[in-house]
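Coordinates from run_32.cif are shown below (mmCIF, C-alpha atoms).
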```cif
data_structure
#
loop_
_atom_site.label_atom_id
_atom_site.label_comp_id
_atom_site.auth_asym_id
_atom_site.auth_seq_id
_atom_site.Cartn_x
_atom_site.Cartn_y
_atom_site.Cartn_z
CA MET A 1 87.49 -38.69 70.23
CA VAL A 2 86.68 -35.61 68.12
CA LYS A 3 83.70 -37.41 66.56
CA ARG A 4 82.33 -38.32 70.01
CA LEU A 5 82.75 -34.72 71.15
CA LEU A 6 80.88 -33.36 68.12
CA GLN A 7 78.02 -35.77 68.78
CA HIS A 8 77.72 -34.91 72.48
CA LYS A 9 74.63 -32.85 73.30
CA THR A 10 76.46 -30.69 75.86
CA PHE A 11 79.07 -29.68 73.29
CA TRP A 12 76.54 -28.15 70.89
CA VAL A 13 74.61 -26.49 73.67
CA MET A 14 77.87 -24.90 74.83
CA VAL A 15 78.72 -23.81 71.28
CA ILE A 16 75.32 -22.14 70.80
CA THR A 17 75.45 -20.68 74.31
CA LEU A 18 78.95 -19.39 73.57
CA ALA A 19 77.65 -17.61 70.47
CA GLY A 20 74.86 -16.06 72.53
CA MET A 21 77.23 -15.09 75.32
CA GLY A 22 79.59 -13.62 72.74
CA LEU A 23 76.85 -11.39 71.35
CA SER A 24 75.69 -10.47 74.85
CA LEU A 25 79.23 -9.55 75.86
CA LEU A 26 79.67 -7.63 72.62
CA VAL A 27 76.72 -5.42 73.57
CA ARG A 28 77.05 -5.22 77.36
CA VAL A 29 80.85 -5.28 77.68
CA LEU A 30 82.09 -3.64 74.46
CA LEU A 31 79.45 -1.62 72.57
CA ILE A 32 77.72 0.07 75.51
CA PRO A 33 81.05 1.09 77.14
CA LYS A 34 82.47 2.25 73.79
CA ARG A 35 79.41 4.32 72.93
CA PHE A 36 78.44 5.64 76.37
CA GLY A 37 81.57 5.12 78.49
CA GLU A 38 80.86 5.58 82.21
CA SER A 39 78.27 8.31 81.68
CA ASP A 40 74.86 8.64 83.30
CA VAL A 41 73.35 7.23 80.10
CA ALA A 42 75.44 4.05 80.50
CA VAL A 43 74.43 3.68 84.14
CA ALA A 44 70.74 4.25 83.27
CA LEU A 45 70.79 1.71 80.43
CA ILE A 46 72.68 -0.87 82.50
CA THR A 47 70.28 -0.43 85.41
CA ALA A 48 67.16 -0.70 83.23
CA LEU A 49 68.41 -3.86 81.52
CA ASN A 50 69.52 -5.33 84.85
CA VAL A 51 66.15 -4.74 86.51
CA VAL A 52 64.00 -6.18 83.72
CA ILE A 53 66.30 -9.04 82.76
CA LEU A 54 66.67 -9.83 86.47
CA VAL A 55 62.91 -10.45 86.67
CA ASP A 56 63.10 -12.61 83.53
CA THR A 57 66.11 -14.49 84.93
CA VAL A 58 64.33 -15.15 88.24
CA VAL A 59 61.30 -16.61 86.45
CA ARG A 60 63.42 -18.62 84.01
CA GLU A 61 66.09 -20.00 86.33
CA GLY A 62 63.69 -20.45 89.23
CA SER A 63 61.20 -22.37 87.07
CA LYS A 64 62.95 -24.16 84.25
CA PHE A 65 64.87 -26.61 86.45
CA SER A 66 61.64 -27.31 88.37
CA LEU A 67 59.47 -27.68 85.28
CA VAL A 68 61.72 -30.15 83.44
CA PRO A 69 61.35 -32.96 86.05
CA LEU A 70 57.64 -32.13 86.30
CA PHE A 71 57.11 -32.42 82.54
CA VAL A 72 59.18 -35.61 82.35
CA THR A 73 57.08 -37.22 85.09
CA ARG A 74 53.68 -35.98 83.89
CA GLU A 75 54.28 -37.08 80.30
CA LYS A 76 54.78 -40.64 81.56
CA GLU A 77 51.71 -40.49 83.82
CA MET A 78 49.17 -38.75 81.53
CA ILE A 79 47.54 -39.62 78.24
CA PRO A 80 48.73 -37.30 75.41
CA THR A 81 45.53 -35.20 75.33
CA LYS A 82 45.61 -34.42 79.05
CA TYR A 83 49.35 -33.77 78.97
CA ARG A 84 48.91 -31.25 76.15
CA LEU A 85 46.26 -29.41 78.16
CA PHE A 86 48.52 -29.46 81.21
CA VAL A 87 51.42 -27.83 79.31
CA ASN A 88 49.13 -25.26 77.68
CA SER A 89 47.64 -24.38 81.04
CA PHE A 90 51.14 -23.71 82.40
CA LEU A 91 51.97 -21.59 79.35
CA ASN A 92 48.86 -19.44 79.78
CA LEU A 93 49.56 -19.02 83.48
CA PHE A 94 53.11 -17.76 82.83
CA LEU A 95 52.00 -15.45 80.01
CA TRP A 96 49.42 -13.80 82.27
CA GLY A 97 52.00 -13.58 85.06
CA GLY A 98 54.49 -11.89 82.75
CA PHE A 99 51.84 -9.44 81.61
CA ALA A 100 51.00 -8.56 85.24
CA VAL A 101 54.68 -7.85 86.09
CA PHE A 102 55.01 -5.80 82.91
CA ILE A 103 52.11 -3.58 84.01
CA LEU A 104 53.59 -3.20 87.50
CA ILE A 105 56.98 -2.08 86.15
CA GLU A 106 55.30 0.38 83.76
CA PHE A 107 53.46 1.94 86.69
CA PHE A 108 56.25 1.89 89.31
CA ALA A 109 59.16 2.73 86.95
CA PRO A 110 59.82 6.21 88.45
CA TRP A 111 60.03 4.84 91.99
CA ILE A 112 62.23 1.88 90.94
CA ALA A 113 64.65 4.23 89.18
CA SER A 114 64.94 6.73 92.02
CA GLY A 115 65.17 4.02 94.68
CA LEU A 116 68.05 2.07 93.15
CA LEU A 117 70.25 5.03 92.26
CA ARG A 118 69.27 7.48 94.96
CA LYS A 119 72.87 8.56 95.67
CA SER A 120 73.86 8.93 92.02
CA THR A 121 73.42 11.89 89.70
CA PHE A 122 71.31 10.80 86.75
CA ASP A 123 68.29 11.74 84.68
CA ALA A 124 65.29 10.08 86.38
CA GLN A 125 63.12 10.58 83.29
CA ARG A 126 65.63 8.77 81.05
CA GLU A 127 65.84 5.84 83.47
CA THR A 128 62.04 5.64 83.71
CA THR A 129 61.69 5.65 79.91
CA LEU A 130 64.26 2.88 79.51
CA LEU A 131 62.55 0.71 82.13
CA ARG A 132 59.22 1.10 80.36
CA LEU A 133 60.70 0.25 76.96
CA CYS A 134 62.35 -2.91 78.34
CA ALA A 135 59.39 -4.12 80.42
CA PRO A 136 57.32 -5.74 77.58
CA LEU A 137 60.02 -8.37 77.10
CA LEU A 138 58.80 -9.98 80.34
CA VAL A 139 55.64 -11.26 78.63
CA PHE A 140 57.70 -13.07 76.01
CA GLY A 141 60.30 -14.13 78.57
CA CYS A 142 57.75 -15.80 80.86
CA GLY A 143 56.15 -17.63 77.94
CA SER A 144 59.58 -18.72 76.71
CA THR A 145 60.33 -20.22 80.12
CA VAL A 146 57.54 -22.79 79.78
CA LEU A 147 58.24 -23.55 76.11
CA GLY A 148 61.96 -23.86 76.86
CA ALA A 149 61.35 -26.26 79.77
CA PHE A 150 59.03 -28.33 77.57
CA LEU A 151 61.65 -28.58 74.81
CA ASN A 152 64.41 -29.38 77.32
CA SER A 153 62.27 -32.21 78.71
CA ARG A 154 62.24 -33.56 75.13
CA GLN A 155 66.04 -32.98 74.99
CA ARG A 156 65.71 -30.33 72.26
CA PHE A 157 68.48 -28.32 73.88
CA LYS A 158 69.86 -26.57 70.81
CA THR A 159 66.60 -24.75 70.12
CA VAL A 160 66.41 -23.40 73.67
CA ALA A 161 70.09 -22.39 73.76
CA LEU A 162 69.48 -19.48 71.37
CA ARG A 163 67.92 -17.39 74.16
CA ASN A 164 70.93 -15.13 74.67
CA ALA A 165 71.77 -14.79 70.99
CA LEU A 166 68.61 -13.24 69.57
CA PRO A 167 68.04 -10.20 71.85
CA ALA A 168 71.74 -9.35 71.99
CA GLY A 169 72.12 -9.94 68.24
CA ILE A 170 69.37 -7.45 67.42
CA ALA A 171 70.84 -4.92 69.87
CA ALA A 172 74.24 -5.35 68.19
CA ALA A 173 72.60 -4.73 64.81
CA VAL A 174 71.19 -1.45 66.14
CA PHE A 175 74.68 -0.38 67.17
CA LEU A 176 75.99 -1.38 63.74
CA PHE A 177 73.37 0.23 61.50
CA ILE A 178 72.22 3.32 63.44
CA PRO A 179 75.11 4.14 65.81
CA THR A 180 74.62 7.92 65.65
CA ILE A 181 70.85 8.07 65.97
CA GLU A 182 69.42 10.34 68.65
CA ASN A 183 68.44 8.56 71.90
CA LEU A 184 70.32 5.41 70.88
CA GLU A 185 69.79 3.98 74.38
CA ASN A 186 66.03 3.84 73.74
CA TRP A 187 66.56 1.89 70.54
CA ILE A 188 68.76 -0.60 72.41
CA ALA A 189 66.00 -1.15 74.98
CA VAL A 190 63.44 -1.73 72.21
CA ALA A 191 65.87 -4.12 70.46
CA TYR A 192 65.96 -6.37 73.53
CA THR A 193 62.16 -6.46 73.67
CA VAL A 194 61.94 -7.34 69.96
CA GLY A 195 64.61 -10.02 70.41
CA PHE A 196 62.66 -11.70 73.19
CA GLY A 197 59.54 -11.65 71.02
CA ILE A 198 61.35 -13.34 68.13
CA TYR A 199 62.81 -15.93 70.50
CA PHE A 200 59.34 -16.75 71.86
CA ALA A 201 58.05 -17.23 68.31
CA TYR A 202 61.05 -19.44 67.49
CA LEU A 203 60.35 -21.66 70.51
CA GLY A 204 56.71 -21.85 69.45
CA ILE A 205 57.79 -23.20 66.05
CA GLY A 206 60.13 -25.69 67.74
CA THR A 207 57.31 -26.84 70.04
CA TYR A 208 54.98 -27.26 67.05
CA ARG A 209 57.57 -29.47 65.34
CA THR A 210 57.53 -31.88 68.29
CA GLY A 211 53.83 -32.53 67.62
CA HIS A 212 52.54 -30.37 70.45
CA ARG A 213 49.58 -28.14 69.59
CA TYR A 214 48.69 -24.98 71.44
CA GLN A 215 45.10 -24.23 72.36
CA PHE A 216 43.77 -21.62 74.69
CA THR A 217 42.68 -23.23 77.93
CA GLY A 218 41.86 -22.14 81.41
CA ILE A 219 44.29 -22.43 84.29
CA SER A 220 43.37 -25.69 85.98
CA VAL A 221 43.51 -26.54 89.68
CA ASP A 222 46.07 -29.23 88.84
CA THR A 223 48.30 -26.57 87.27
CA LEU A 224 48.07 -24.32 90.31
CA ARG A 225 48.77 -27.26 92.61
CA ALA A 226 51.78 -28.28 90.52
CA LEU A 227 52.99 -24.66 90.52
CA LYS A 228 52.76 -24.50 94.29
CA ASN A 229 54.51 -27.85 94.82
CA THR A 230 57.31 -27.49 92.28
CA VAL A 231 57.95 -23.91 91.16
CA THR A 232 57.09 -21.64 94.08
CA LEU A 233 59.93 -22.38 96.51
CA PRO A 234 62.80 -22.51 93.96
CA THR A 235 61.56 -19.33 92.25
CA LEU A 236 61.20 -17.51 95.56
CA GLY A 237 64.68 -18.62 96.59
CA PHE A 238 66.17 -17.60 93.26
CA ALA A 239 64.37 -14.25 93.46
CA ILE A 240 65.84 -13.57 96.91
CA ARG A 241 69.30 -14.53 95.69
CA GLN A 242 69.13 -12.48 92.50
CA VAL A 243 67.60 -9.40 94.13
CA THR A 244 70.28 -9.56 96.81
CA ASN A 245 73.19 -10.15 94.43
CA ARG A 246 72.18 -8.02 91.45
CA LEU A 247 70.17 -5.16 92.97
CA LEU A 248 71.09 -4.81 96.65
CA ILE A 249 74.77 -5.58 96.09
CA GLY A 250 75.42 -4.98 92.38
CA ILE A 251 73.56 -1.66 92.18
CA TYR A 252 72.43 -0.31 95.56
CA LEU A 253 75.54 -1.21 97.60
CA VAL A 254 77.99 -0.52 94.77
CA SER A 255 76.34 2.86 94.04
CA GLN A 256 77.44 4.00 97.50
CA LEU A 257 80.89 4.31 95.88
CA GLY A 258 79.42 6.56 93.16
CA GLY A 259 77.31 5.98 90.06
CA VAL A 260 80.37 5.21 87.90
CA ALA A 261 81.18 2.25 90.18
CA VAL A 262 77.96 0.55 89.01
CA ALA A 263 79.21 0.56 85.42
CA ARG A 264 82.71 -0.63 86.37
CA TYR A 265 81.43 -3.55 88.42
CA ASP A 266 78.84 -4.49 85.79
CA TYR A 267 81.44 -4.56 83.00
CA ALA A 268 83.59 -7.03 84.98
CA PHE A 269 80.72 -9.10 86.35
CA ARG A 270 79.23 -9.58 82.87
CA ILE A 271 82.39 -11.35 81.71
CA PHE A 272 82.47 -13.57 84.79
CA SER A 273 78.73 -14.33 84.61
CA ALA A 274 78.93 -15.24 80.91
CA LEU A 275 81.71 -17.75 81.56
CA GLN A 276 79.86 -19.24 84.53
CA THR A 277 76.67 -19.58 82.47
CA LEU A 278 78.52 -21.08 79.52
CA ILE A 279 80.07 -23.81 81.65
CA GLY A 280 77.81 -24.45 84.65
CA ILE A 281 74.34 -23.77 83.26
CA SER A 282 75.01 -25.61 79.98
CA ILE A 283 76.16 -28.76 81.79
CA ALA A 284 73.31 -28.58 84.32
CA THR A 285 70.68 -28.09 81.60
CA THR A 286 71.74 -31.06 79.48
CA GLY A 287 72.20 -33.34 82.49
CA LEU A 288 68.90 -32.60 84.24
CA PRO A 289 66.47 -34.71 82.10
CA ASP A 290 68.56 -37.87 82.57
CA MET A 291 68.88 -37.27 86.32
CA ALA A 292 65.13 -36.63 86.57
CA THR A 293 64.53 -39.98 84.87
CA ASP A 294 66.95 -41.69 87.29
CA SER A 295 65.20 -40.07 90.23
CA ALA A 296 61.75 -41.13 88.95
CA ALA A 297 63.07 -44.71 88.85
CA ASN A 298 64.49 -44.22 92.39
CA ASP A 299 67.97 -45.15 91.11
CA LYS A 300 70.12 -43.03 93.44
CA GLN A 301 73.34 -44.73 92.41
CA LYS A 302 72.87 -43.97 88.72
CA LEU A 303 71.82 -40.41 89.54
CA GLY A 304 75.01 -40.00 91.57
CA ARG A 305 77.14 -41.29 88.69
CA THR A 306 75.53 -38.81 86.30
CA LEU A 307 76.03 -35.99 88.78
CA ASN A 308 79.67 -37.01 89.29
CA ARG A 309 80.27 -37.00 85.53
CA ASN A 310 78.71 -33.56 85.17
CA ALA A 311 80.68 -32.15 88.11
CA ARG A 312 83.97 -33.50 86.73
CA THR A 313 83.18 -31.93 83.36
CA ALA A 314 82.55 -28.57 85.04
CA ILE A 315 85.86 -28.79 86.93
CA ILE A 316 87.86 -29.87 83.87
CA ILE A 317 86.51 -26.99 81.78
CA GLY A 318 86.44 -24.47 84.64
CA PHE A 319 90.06 -25.00 85.73
CA PRO A 320 91.77 -23.50 82.64
CA VAL A 321 89.20 -20.68 82.59
CA THR A 322 90.09 -19.91 86.20
CA LEU A 323 93.80 -19.83 85.35
CA LEU A 324 93.07 -17.57 82.39
CA LEU A 325 91.32 -15.02 84.62
CA LEU A 326 93.94 -15.20 87.36
CA ILE A 327 96.95 -14.83 85.05
CA PHE A 328 95.64 -12.59 82.27
CA HIS A 329 93.00 -10.51 84.07
CA ALA A 330 94.80 -7.22 83.38
CA LYS A 331 95.32 -8.06 79.71
CA ILE A 332 91.68 -9.10 79.31
CA GLY A 333 90.57 -5.75 80.73
CA TRP A 334 92.88 -3.87 78.38
CA ILE A 335 91.88 -5.91 75.29
CA LEU A 336 88.19 -5.31 75.94
CA TYR A 337 88.30 -1.66 76.97
CA GLY A 338 91.67 -0.24 75.96
CA ARG A 339 90.44 1.45 72.81
CA GLY A 340 87.17 2.84 74.19
CA THR A 341 86.30 5.92 76.19
CA ILE A 342 87.02 4.32 79.59
CA ASP A 343 90.08 5.76 81.36
CA GLN A 344 93.16 3.71 82.28
CA ALA A 345 92.38 3.62 86.01
CA SER A 346 88.96 2.11 85.35
CA ILE A 347 90.42 -0.49 82.99
CA GLN A 348 92.93 -1.54 85.65
CA LEU A 349 90.17 -1.79 88.24
CA ILE A 350 88.03 -3.95 85.94
CA GLY A 351 90.99 -6.27 85.48
CA GLN A 352 91.44 -6.54 89.24
CA LEU A 353 87.75 -7.32 89.67
CA LEU A 354 88.11 -10.15 87.15
CA PHE A 355 90.96 -11.56 89.27
CA TRP A 356 88.91 -11.63 92.49
CA LEU A 357 85.87 -13.02 90.69
CA GLY A 358 88.07 -15.61 88.97
CA ILE A 359 89.25 -17.05 92.29
CA GLY A 360 85.83 -18.68 92.74
CA MET A 361 85.14 -19.54 89.09
CA ILE A 362 85.29 -23.33 89.52
CA PHE A 363 82.97 -23.20 92.53
CA SER A 364 80.57 -20.88 90.69
CA CYS A 365 80.43 -23.35 87.78
CA LEU A 366 79.72 -26.23 90.16
CA ILE A 367 76.75 -24.51 91.84
CA PRO A 368 74.16 -25.00 89.01
CA VAL A 369 75.49 -28.52 88.34
CA LEU A 370 75.01 -29.60 91.96
CA ASN A 371 71.72 -27.72 92.19
CA ALA A 372 70.45 -29.83 89.27
CA GLY A 373 70.96 -32.92 91.44
CA LEU A 374 68.51 -31.50 93.98
CA TYR A 375 66.06 -30.36 91.30
CA ALA A 376 66.06 -33.85 89.75
CA GLN A 377 64.93 -35.28 93.09
CA LYS A 378 62.37 -32.48 93.56
CA ALA A 379 64.14 -31.49 96.79
CA TYR A 380 62.82 -27.95 96.48
CA ARG A 381 63.06 -27.09 100.17
CA SER A 382 66.80 -27.81 100.05
CA VAL A 383 67.17 -25.69 96.91
CA PHE A 384 65.34 -22.83 98.60
CA ALA A 385 67.34 -23.13 101.84
CA ASN A 386 70.67 -23.04 99.99
CA MET A 387 69.74 -20.03 97.85
CA VAL A 388 68.50 -17.93 100.76
CA THR A 389 71.44 -18.86 103.00
CA MET A 390 73.98 -17.97 100.33
CA ALA A 391 72.22 -14.71 99.46
CA VAL A 392 72.35 -13.57 103.09
CA LEU A 393 76.00 -14.62 103.44
CA ASN A 394 76.97 -12.83 100.23
CA LEU A 395 75.29 -9.63 101.38
CA LEU A 396 76.98 -9.77 104.80
CA VAL A 397 80.43 -10.55 103.40
CA ALA A 398 80.08 -7.88 100.68
CA TYR A 399 78.94 -5.28 103.22
CA GLY A 400 81.90 -6.10 105.46
CA LEU A 401 84.53 -6.09 102.69
CA ILE A 402 83.33 -3.00 100.78
CA ARG A 403 84.47 -0.79 103.65
CA THR A 404 88.10 -1.87 103.30
CA LEU A 405 88.47 -3.23 99.75
CA GLU A 406 85.68 -1.24 98.05
CA LEU A 407 84.73 -2.84 94.68
CA ARG A 408 87.37 -5.55 95.09
CA GLY A 409 85.61 -6.60 98.28
CA ILE A 410 82.32 -7.09 96.39
CA ALA A 411 84.08 -9.36 93.88
CA LEU A 412 85.89 -11.32 96.60
CA ALA A 413 82.57 -11.81 98.42
CA VAL A 414 81.19 -13.55 95.31
CA SER A 415 84.09 -16.05 95.33
CA ILE A 416 83.86 -16.71 99.07
CA THR A 417 80.11 -17.30 98.84
CA ALA A 418 80.55 -19.69 95.88
CA LEU A 419 82.97 -21.84 97.90
CA LEU A 420 80.53 -21.97 100.82
CA ALA A 421 77.64 -22.79 98.47
CA VAL A 422 79.44 -25.83 97.04
CA GLY A 423 80.07 -27.12 100.54
CA ASN A 424 76.45 -26.61 101.54
CA LEU A 425 75.11 -28.25 98.35
CA THR A 426 77.38 -31.26 98.94
CA TYR A 427 75.91 -31.62 102.43
CA LEU A 428 72.32 -31.26 101.18
CA LEU A 429 72.88 -33.86 98.44
CA ARG A 430 74.27 -36.35 100.95
CA LYS A 431 71.12 -35.91 103.02
CA THR A 432 69.23 -37.25 99.98
CA ARG A 433 71.71 -40.19 99.82
CA VAL A 434 73.36 -38.87 96.65
CA SER A 435 77.07 -38.00 96.47
CA TRP A 436 78.96 -36.42 93.60
CA PHE A 437 82.24 -37.71 95.05
CA GLN A 438 82.48 -41.07 93.26
CA LYS A 439 85.32 -43.01 91.69
#
```
As structure tokens:
Amino acid sequence: MVKRLLQHKTFWVMVITLAGMGLSLLVRVLLIPKRFGESDVAVALITALNVVILVDTVVREGSKFSLVPLFVTREKEMIPTKYRLFVNSFLNLFLWGGFAVFILIEFFAPWIASGLLRKSTFDAQRETTLLRLCAPLLVFGCGSTVLGAFLNSRQRFKTVALRNALPAGIAAAVFLFIPTIENLENWIAVAYTVGFGIYFAYLGIGTYRTGHRYQFTGISVDTLRALKNTVTLPTLGFAIRQVTNRLLIGIYLVSQLGGVAVARYDYAFRIFSALQTLIGISIATTGLPDMATDSAANDKQKLGRTLNRNARTAIIIGFPVTLLLLIFHAKIGWILYGRGTIDQASIQLIGQLLFWLGIGMIFSCLIPVLNAGLYAQKAYRSVFANMVTMAVLNLLVAYGLIRTLELRGIALAVSITALLAVGNLTYLLRKTRVSWFQK
């Protein structure tokens, strides 16, 4: 049993993802609060990282699940030379796209900063500087999205799983070696950019080892057509969902309770998000290539069995994690923040937020797993419809609950929306004649 577990691809992806999540949590949940507490510097750094990494996350999560089935199918249809040009064309397109967004953030940084935190007291110049220092990572992040999807289509999951470890690891090293340096927040922003650059280079080496060779090529009509047919709708849907959840709710709506509320909510949500990514995204990523192959062969029954196995795995792993958050939420908050500069009231509130977020943990883990079933079938309109619907519902529920439950209402809204999303995804999958409820 242990030998089978050690040989399972999902296990090692989860181990590597866990290491990356651990480093990310170390920086975002422990080191930043310990060094900056709930100060304006903490809020500015959190906001800058959230904005830039949000853009990277939208591109990555909106594209990678679309690109994997596309690469799997095109590799079977094309001769090796044409397939190599097709992949390189996609890589160049994403690199130029990342560069364009980088330039836009550099230019609009003052307006982004003042718009998101307009009711908070903070140094606009500091926020603008941090945004501009973080923005270059988008070039590497966009390029990494294509290389990561290519490697996932070849089932080289362990190489891609290091994404979270490298940027956070370098940021942690900055905290360790130069903790008292002036303008430490600027160095942390630069560390994330450097980390993304190293990760992009690492993926390039991994791609080279598969036999793929990069060459500069123009962006073909076939690439643009494939982008329109496969990537556009999921990425747009994911962008709407992330902007709604992370910016409109997580920063703009939460900041109505005061700038310090942004830091409190972010500290709790980071823990929840890391656990959801570790379980749900890892299982969805490793299961997608096989389901894409089943879908290409039009074997709905086999695809359903794979989806059922992945969903059961998510539930089995997610159940004890849910219990952990529900029972020990207060202790988790104290263990993580009890020895820092955060006051006791804030620590108690963070623990309560973990409880309300934990209620929907299983459903949150199931969402990417079930979404992968739609991606495998290239049902992009369904993916888009679900993301937009859930984003609107989350915003409405959060807006209604924040008036009575304040930050706890925001967390509860996440759990309620996750439950509704699982129900909606189940319905959409059945419309494609695939069910994850199988014996």
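Straight-line separation from CA of Leu396 (chain A) to CA of Leu412 (chain A): 12.2 Å.
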Can you build me a table of region 231-295 of chain A residues sitting at most 8 Å from region 304-321 of chain A, with the closest atom pair per residue and its distance in Å to one decimal, using all atoms listed in the file, sorted by chain and residue number, as JSON lines?
```
{"residue": "A:Ile279", "atom": "CA", "partner": "A:Ala314", "partner_atom": "CA", "distance": 6.3}
{"residue": "A:Gly280", "atom": "CA", "partner": "A:Ala314", "partner_atom": "CA", "distance": 6.3}
{"residue": "A:Ile283", "atom": "CA", "partner": "A:Asn310", "partner_atom": "CA", "distance": 6.4}
{"residue": "A:Ala284", "atom": "CA", "partner": "A:Asn310", "partner_atom": "CA", "distance": 7.4}
{"residue": "A:Gly287", "atom": "CA", "partner": "A:Asn310", "partner_atom": "CA", "distance": 7.0}
{"residue": "A:Asp290", "atom": "CA", "partner": "A:Thr306", "partner_atom": "CA", "distance": 8.0}
{"residue": "A:Met291", "atom": "CA", "partner": "A:Thr306", "partner_atom": "CA", "distance": 6.8}
```
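Shortest separation to Ala109 (chain A) among A:Arg213, A:Arg132, A:Lys64, A:Arg74 occurs at residue A:Arg132, atoms counted being all atoms listed in the file.
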field: Using only C-alpha atoms: which of A:Ile362, A:Ala292, A:Val190, A:Val434 has the shortest distance to Ile416 (chain A)
entry: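 Nearest to Ile416 (chain A): A:Ile362.
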- request: Let me know the residues the PyMOL selection byres ((chain A and resi 54-63) around 7) catches in the file above, as JSON, numbers by chain.
  value: {"A": [50, 51, 52, 53, 64, 65, 66, 67, 138, 141, 142, 145, 231, 234, 235, 238, 239, 242]}
Please produce an output containing C-alpha atoms for each residue in the selection, written as an mmCIF file, keeping the file's coordinate frame.
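Contents of the output file selection-v6.cif:
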```cif
data_model
loop_
_atom_site.group_PDB
_atom_site.id
_atom_site.type_symbol
_atom_site.label_atom_id
_atom_site.label_comp_id
_atom_site.auth_asym_id
_atom_site.auth_seq_id
_atom_site.Cartn_x
_atom_site.Cartn_y
_atom_site.Cartn_z
ATOM 1 C CA ASN A 50 69.520 -5.330 84.850
ATOM 2 C CA VAL A 51 66.150 -4.740 86.510
ATOM 3 C CA VAL A 52 64.000 -6.180 83.720
ATOM 4 C CA ILE A 53 66.300 -9.040 82.760
ATOM 5 C CA LYS A 64 62.950 -24.160 84.250
ATOM 6 C CA PHE A 65 64.870 -26.610 86.450
ATOM 7 C CA SER A 66 61.640 -27.310 88.370
ATOM 8 C CA LEU A 67 59.470 -27.680 85.280
ATOM 9 C CA LEU A 138 58.800 -9.980 80.340
ATOM 10 C CA GLY A 141 60.300 -14.130 78.570
ATOM 11 C CA CYS A 142 57.750 -15.800 80.860
ATOM 12 C CA THR A 145 60.330 -20.220 80.120
ATOM 13 C CA VAL A 231 57.950 -23.910 91.160
ATOM 14 C CA PRO A 234 62.800 -22.510 93.960
ATOM 15 C CA THR A 235 61.560 -19.330 92.250
ATOM 16 C CA PHE A 238 66.170 -17.600 93.260
ATOM 17 C CA ALA A 239 64.370 -14.250 93.460
ATOM 18 C CA GLN A 242 69.130 -12.480 92.500
#
```
- request: Grab the CA of Leu49 (chain A) to CA of Phe150 (chain A) distance for me, in Å with one decimal place.
  value: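 Here the two named atoms are 26.5 Å from each other.
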message: Rounded to one decimal, what separation in Å do you get between CA of Ala189 (chain A) and CA of Ala171 (chain A)?
response: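 Taking CA of Ala189 (chain A) and CA of Ala171 (chain A), their separation equals 8.0 Å.
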- prompt: Do you know which residues lie at most 7 Å from (65.9, 5.9, 79.2), with coordinates as in the file and all atoms listed in the file counted, and could you write them as an NGL selection string?
  reply: :A and (44-45 or 125-131 or 185-186)
Can you patch up region 70-81 of chain A, filling it in to N, CA and C atoms, and show the result as a PDB file, keeping the file's coordinate frame?
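Resulting contents of result-v9.pdb:
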```pdb
ATOM      1  N   LEU A  70      59.101 -32.043  86.281  1.00  0.00           N
ATOM      2  CA  LEU A  70      57.640 -32.130  86.300  1.00  0.00           C
ATOM      3  C   LEU A  70      57.098 -32.604  84.965  1.00  0.00           C
ATOM      4  N   PHE A  71      57.580 -32.016  83.869  1.00  0.00           N
ATOM      5  CA  PHE A  71      57.110 -32.420  82.540  1.00  0.00           C
ATOM      6  C   PHE A  71      57.509 -33.853  82.212  1.00  0.00           C
ATOM      7  N   VAL A  72      58.729 -34.232  82.594  1.00  0.00           N
ATOM      8  CA  VAL A  72      59.180 -35.610  82.350  1.00  0.00           C
ATOM      9  C   VAL A  72      58.263 -36.605  83.051  1.00  0.00           C
ATOM     10  N   THR A  73      57.926 -36.311  84.307  1.00  0.00           N
ATOM     11  CA  THR A  73      57.080 -37.220  85.090  1.00  0.00           C
ATOM     12  C   THR A  73      55.649 -37.238  84.566  1.00  0.00           C
ATOM     13  N   ARG A  74      55.076 -36.043  84.320  1.00  0.00           N
ATOM     14  CA  ARG A  74      53.680 -35.980  83.890  1.00  0.00           C
ATOM     15  C   ARG A  74      53.467 -36.595  82.506  1.00  0.00           C
ATOM     16  N   GLU A  75      54.442 -36.484  81.628  1.00  0.00           N
ATOM     17  CA  GLU A  75      54.280 -37.080  80.300  1.00  0.00           C
ATOM     18  C   GLU A  75      54.172 -38.598  80.392  1.00  0.00           C
ATOM     19  N   LYS A  76      54.857 -39.179  81.371  1.00  0.00           N
ATOM     20  CA  LYS A  76      54.780 -40.640  81.560  1.00  0.00           C
ATOM     21  C   LYS A  76      53.470 -41.039  82.223  1.00  0.00           C
ATOM     22  N   GLU A  77      52.909 -40.158  83.049  1.00  0.00           N
ATOM     23  CA  GLU A  77      51.710 -40.490  83.820  1.00  0.00           C
ATOM     24  C   GLU A  77      50.412 -40.203  83.066  1.00  0.00           C
ATOM     25  N   MET A  78      50.410 -39.205  82.162  1.00  0.00           N
ATOM     26  CA  MET A  78      49.170 -38.750  81.530  1.00  0.00           C
ATOM     27  C   MET A  78      49.026 -39.272  80.111  1.00  0.00           C
ATOM     28  N   ILE A  79      47.783 -39.348  79.653  1.00  0.00           N
ATOM     29  CA  ILE A  79      47.540 -39.620  78.240  1.00  0.00           C
ATOM     30  C   ILE A  79      47.894 -38.353  77.458  1.00  0.00           C
ATOM     31  N   PRO A  80      48.246 -38.469  76.185  1.00  0.00           N
ATOM     32  CA  PRO A  80      48.730 -37.300  75.410  1.00  0.00           C
ATOM     33  C   PRO A  80      47.784 -36.099  75.434  1.00  0.00           C
ATOM     34  N   THR A  81      46.477 -36.334  75.364  1.00  0.00           N
ATOM     35  CA  THR A  81      45.530 -35.200  75.330  1.00  0.00           C
ATOM     36  C   THR A  81      45.585 -34.405  76.631  1.00  0.00           C
TER      37      THR A  81
END
```
